[in-house]
Amino acid sequence: MDPAAYLAALQGWMALGNIVVQGGTALWTDLKAVFDKHGIEQDNAALDAIILNAATRKAQADRDAVGG
Amino acid sequence: MKRYLIVMLLLCSSGCASGGTRHIVTVTAATADVVLSSVQDTAKALICATPNAPPPPACIPPEVHRTKIATELSKGFDADGRLAKLIRDTPATAPLPTTLGQLIDDINAVVARVLAAIPDSSFKTTLVTKLGGS
């Protein structure tokens with residue numbers, strides 16, 4: 001799975017996270033079973049995507065901070 | 001919104017015993033990234049006199065965006081990148097560094113300060129709702 005697709009999948013999970021927040025921990029047990037199927041390679045791909053996005057957006061914020 | 005990230009951290013705690021901690025903090029890092037990105041996009045769209053921005057007092061004065069919001073978001077994305085790199089550099093079998101929690105706190109603080117700098121409006125309410133806050 002490519003980083004962007006995995007990040008999109010994580011974001012989908014995060015949307016479900018709202019349900020977890022509101023619905024208690026029952027759903028979390030089911031989600032965790034799905035979670036555990038992911039491997040370190042997929043996590044690292046997602047982390048690489050986050051590192052890249054954070055750097056890009058920090059650069060944008062720095063430009064905004066000087067009025068660029 | 002802060003509750004949202006805290007919940008992710010609590011989920012991390014509940015997953016520690018099963019060895020899924022690194023994966024769960026990866027989701028936490030992704031959450032922080034999405035939250036900061038949403039805040040950045042929304043704040044830029046609310047700058048006064050930009051197309052589709054609301055009229056005063058709901059819009060963000062350019063000087064406030066430049067001196068407060070952009071500066072804070074720079075700090076937030078810096079912490080976000082360091083958080084992801086910290087997890088990335090930690091082997092799956094190794095304990096996660098304790099500085100991870102501090103970085104999440106830093107991101108929470110940045111988001112709180114940026115939200116405080118955004119004038120109250122339906123746009124801000126929509127953003128906070130989108131982030132899972134109340």
# chains A, B, ... in the order shown; residues from 1 in each chain; ligands from 1

$ interface_residues --of "chain B" --to "chain A" --cutoff "7 Å" --atoms "only C-alpha atoms" --output "PDB file with N, CA, C and O atoms, in the first residue's frame"
ATOM      1  N   GLY B  20       1.019  -3.423  20.366  1.00  0.00           N
ATOM      2  CA  GLY B  20       0.605  -2.583  19.249  1.00  0.00           C
ATOM      3  C   GLY B  20       0.877  -1.112  19.459  1.00  0.00           C
ATOM      4  O   GLY B  20       0.362  -0.284  18.727  1.00  0.00           O
ATOM      5  N   HIS B  23       2.183   1.066  16.509  1.00  0.00           N
ATOM      6  CA  HIS B  23       1.152   1.281  15.487  1.00  0.00           C
ATOM      7  C   HIS B  23       0.143   2.319  15.967  1.00  0.00           C
ATOM      8  O   HIS B  23      -0.287   3.196  15.207  1.00  0.00           O
ATOM      9  N   THR B  26       1.402   5.718  15.860  1.00  0.00           N
ATOM     10  CA  THR B  26       1.432   6.151  14.458  1.00  0.00           C
ATOM     11  C   THR B  26       0.100   6.807  14.101  1.00  0.00           C
ATOM     12  O   THR B  26       0.050   7.845  13.440  1.00  0.00           O
ATOM     13  N   VAL B  27      -0.980   6.212  14.544  1.00  0.00           N
ATOM     14  CA  VAL B  27      -2.298   6.801  14.307  1.00  0.00           C
ATOM     15  C   VAL B  27      -2.413   8.136  15.041  1.00  0.00           C
ATOM     16  O   VAL B  27      -2.992   9.099  14.523  1.00  0.00           O
ATOM     17  N   ALA B  30      -0.686  10.630  12.975  1.00  0.00           N
ATOM     18  CA  ALA B  30      -1.511  10.953  11.802  1.00  0.00           C
ATOM     19  C   ALA B  30      -2.663  11.862  12.211  1.00  0.00           C
ATOM     20  O   ALA B  30      -3.024  12.797  11.478  1.00  0.00           O
ATOM     21  N   THR B  31      -3.231  11.620  13.374  1.00  0.00           N
ATOM     22  CA  THR B  31      -4.312  12.475  13.875  1.00  0.00           C
ATOM     23  C   THR B  31      -3.822  13.904  14.046  1.00  0.00           C
ATOM     24  O   THR B  31      -4.466  14.857  13.604  1.00  0.00           O
ATOM     25  N   ASP B  33      -1.370  15.323  12.609  1.00  0.00           N
ATOM     26  CA  ASP B  33      -1.086  15.884  11.290  1.00  0.00           C
ATOM     27  C   ASP B  33      -2.357  16.386  10.618  1.00  0.00           C
ATOM     28  O   ASP B  33      -2.385  17.488  10.047  1.00  0.00           O
ATOM     29  N   ARG B  66      -0.522  36.446  10.443  1.00  0.00           N
ATOM     30  CA  ARG B  66       0.926  36.411  10.220  1.00  0.00           C
ATOM     31  C   ARG B  66       1.696  36.245  11.540  1.00  0.00           C
ATOM     32  O   ARG B  66       2.552  35.368  11.646  1.00  0.00           O
ATOM     33  N   THR B  67       1.351  37.067  12.525  1.00  0.00           N
ATOM     34  CA  THR B  67       2.170  37.106  13.737  1.00  0.00           C
ATOM     35  C   THR B  67       1.797  36.041  14.775  1.00  0.00           C
ATOM     36  O   THR B  67       2.640  35.652  15.573  1.00  0.00           O
ATOM     37  N   ALA B  70       0.273  31.826  11.982  1.00  0.00           N
ATOM     38  CA  ALA B  70       1.310  31.170  11.165  1.00  0.00           C
ATOM     39  C   ALA B  70       2.513  30.795  12.025  1.00  0.00           C
ATOM     40  O   ALA B  70       3.104  29.718  11.860  1.00  0.00           O
ATOM     41  N   THR B  71       2.861  31.663  12.946  1.00  0.00           N
ATOM     42  CA  THR B  71       4.000  31.378  13.821  1.00  0.00           C
ATOM     43  C   THR B  71       3.731  30.155  14.679  1.00  0.00           C
ATOM     44  O   THR B  71       4.605  29.290  14.845  1.00  0.00           O
ATOM     45  N   LEU B  73       1.556  27.746  13.996  1.00  0.00           N
ATOM     46  CA  LEU B  73       1.459  26.549  13.151  1.00  0.00           C
ATOM     47  C   LEU B  73       2.835  26.053  12.729  1.00  0.00           C
ATOM     48  O   LEU B  73       3.043  24.847  12.573  1.00  0.00           O
ATOM     49  N   SER B  74       3.769  26.971  12.563  1.00  0.00           N
ATOM     50  CA  SER B  74       5.140  26.545  12.251  1.00  0.00           C
ATOM     51  C   SER B  74       5.685  25.676  13.386  1.00  0.00           C
ATOM     52  O   SER B  74       6.292  24.626  13.145  1.00  0.00           O
ATOM     53  N   PHE B  77       3.776  22.208  13.313  1.00  0.00           N
ATOM     54  CA  PHE B  77       4.220  21.264  12.273  1.00  0.00           C
ATOM     55  C   PHE B  77       5.646  20.792  12.540  1.00  0.00           C
ATOM     56  O   PHE B  77       5.995  19.665  12.165  1.00  0.00           O
ATOM     57  N   ASP B  78       6.426  21.639  13.174  1.00  0.00           N
ATOM     58  CA  ASP B  78       7.771  21.194  13.552  1.00  0.00           C
ATOM     59  C   ASP B  78       7.661  20.041  14.562  1.00  0.00           C
ATOM     60  O   ASP B  78       8.334  19.009  14.428  1.00  0.00           O
ATOM     61  N   ASP B  80       5.081  18.133  14.994  1.00  0.00           N
ATOM     62  CA  ASP B  80       4.419  17.030  14.288  1.00  0.00           C
ATOM     63  C   ASP B  80       5.444  16.188  13.514  1.00  0.00           C
ATOM     64  O   ASP B  80       5.448  14.951  13.587  1.00  0.00           O
ATOM     65  N   GLY B  81       6.331  16.868  12.801  1.00  0.00           N
ATOM     66  CA  GLY B  81       7.369  16.157  12.054  1.00  0.00           C
ATOM     67  C   GLY B  81       8.319  15.418  12.970  1.00  0.00           C
ATOM     68  O   GLY B  81       8.723  14.282  12.696  1.00  0.00           O
ATOM     69  N   ALA B  84       6.599  12.259  14.326  1.00  0.00           N
ATOM     70  CA  ALA B  84       6.579  11.163  13.346  1.00  0.00           C
ATOM     71  C   ALA B  84       7.973  10.555  13.179  1.00  0.00           C
ATOM     72  O   ALA B  84       8.126   9.335  13.090  1.00  0.00           O
ATOM     73  N   LYS B  85       8.989  11.416  13.157  1.00  0.00           N
ATOM     74  CA  LYS B  85      10.360  10.910  12.979  1.00  0.00           C
ATOM     75  C   LYS B  85      10.808  10.094  14.195  1.00  0.00           C
ATOM     76  O   LYS B  85      11.507   9.088  14.061  1.00  0.00           O
ATOM     77  N   ARG B  88       9.219   6.833  13.792  1.00  0.00           N
ATOM     78  CA  ARG B  88       9.845   6.171  12.633  1.00  0.00           C
ATOM     79  C   ARG B  88      11.193   5.570  13.014  1.00  0.00           C
ATOM     80  O   ARG B  88      11.569   4.495  12.547  1.00  0.00           O
ATOM     81  N   GLY B 132     -13.635  17.109  16.050  1.00  0.00           N
ATOM     82  CA  GLY B 132     -14.127  16.220  17.092  1.00  0.00           C
ATOM     83  C   GLY B 132     -14.252  16.889  18.434  1.00  0.00           C
ATOM     84  O   GLY B 132     -14.428  16.225  19.446  1.00  0.00           O
TER      85      GLY B 132
END

$ residues_around --residues "Ala58 (chain B)" --least-positions-apart "6" --cutoff "8 Å" --atoms "only C-alpha atoms" --output "short mmCIF file (atom, residue, chain, number, x, y, z; two decimals) with all heavy atoms, in the first residue's frame"
data_model
loop_
_atom_site.label_atom_id
_atom_site.label_comp_id
_atom_site.auth_asym_id
_atom_site.auth_seq_id
_atom_site.Cartn_x
_atom_site.Cartn_y
_atom_site.Cartn_z
N LEU B 46 -9.87 32.04 6.19
CA LEU B 46 -10.61 33.04 6.96
C LEU B 46 -9.91 34.40 7.02
O LEU B 46 -10.38 35.31 7.70
CB LEU B 46 -10.84 32.53 8.40
CG LEU B 46 -11.79 31.34 8.55
CD1 LEU B 46 -11.87 30.91 10.02
CD2 LEU B 46 -13.18 31.68 8.03
N PRO B 119 -11.46 34.25 15.41
CA PRO B 119 -12.70 34.85 15.96
C PRO B 119 -13.85 33.84 15.92
O PRO B 119 -13.92 33.00 15.02
CB PRO B 119 -12.97 36.01 14.99
CG PRO B 119 -11.68 36.29 14.31
CD PRO B 119 -10.95 34.98 14.24
N ASP B 120 -14.71 33.97 16.90
CA ASP B 120 -15.88 33.10 16.94
C ASP B 120 -16.77 33.36 15.72
O ASP B 120 -17.02 34.51 15.36
CB ASP B 120 -16.70 33.36 18.22
CG ASP B 120 -15.99 32.81 19.45
OD1 ASP B 120 -15.19 31.87 19.30
OD2 ASP B 120 -16.24 33.34 20.54
N SER B 121 -17.18 32.28 15.09
CA SER B 121 -18.07 32.38 13.94
C SER B 121 -18.56 30.97 13.62
O SER B 121 -18.09 29.99 14.21
CB SER B 121 -17.32 32.93 12.72
OG SER B 121 -16.37 31.99 12.26
#

$ atom_distance --atom1 "CA of Pro56 (chain B)" --atom2 "CA of Val114 (chain B)"
17.9 Å

$ atom_distance --atom1 "CA of Thr93 (chain B)" --atom2 "CA of Ala29 (chain B)"
18.6 Å

$ atom_distance --atom1 "CA of Leu100 (chain B)" --atom2 "CA of Glu72 (chain B)"
19.1 Å
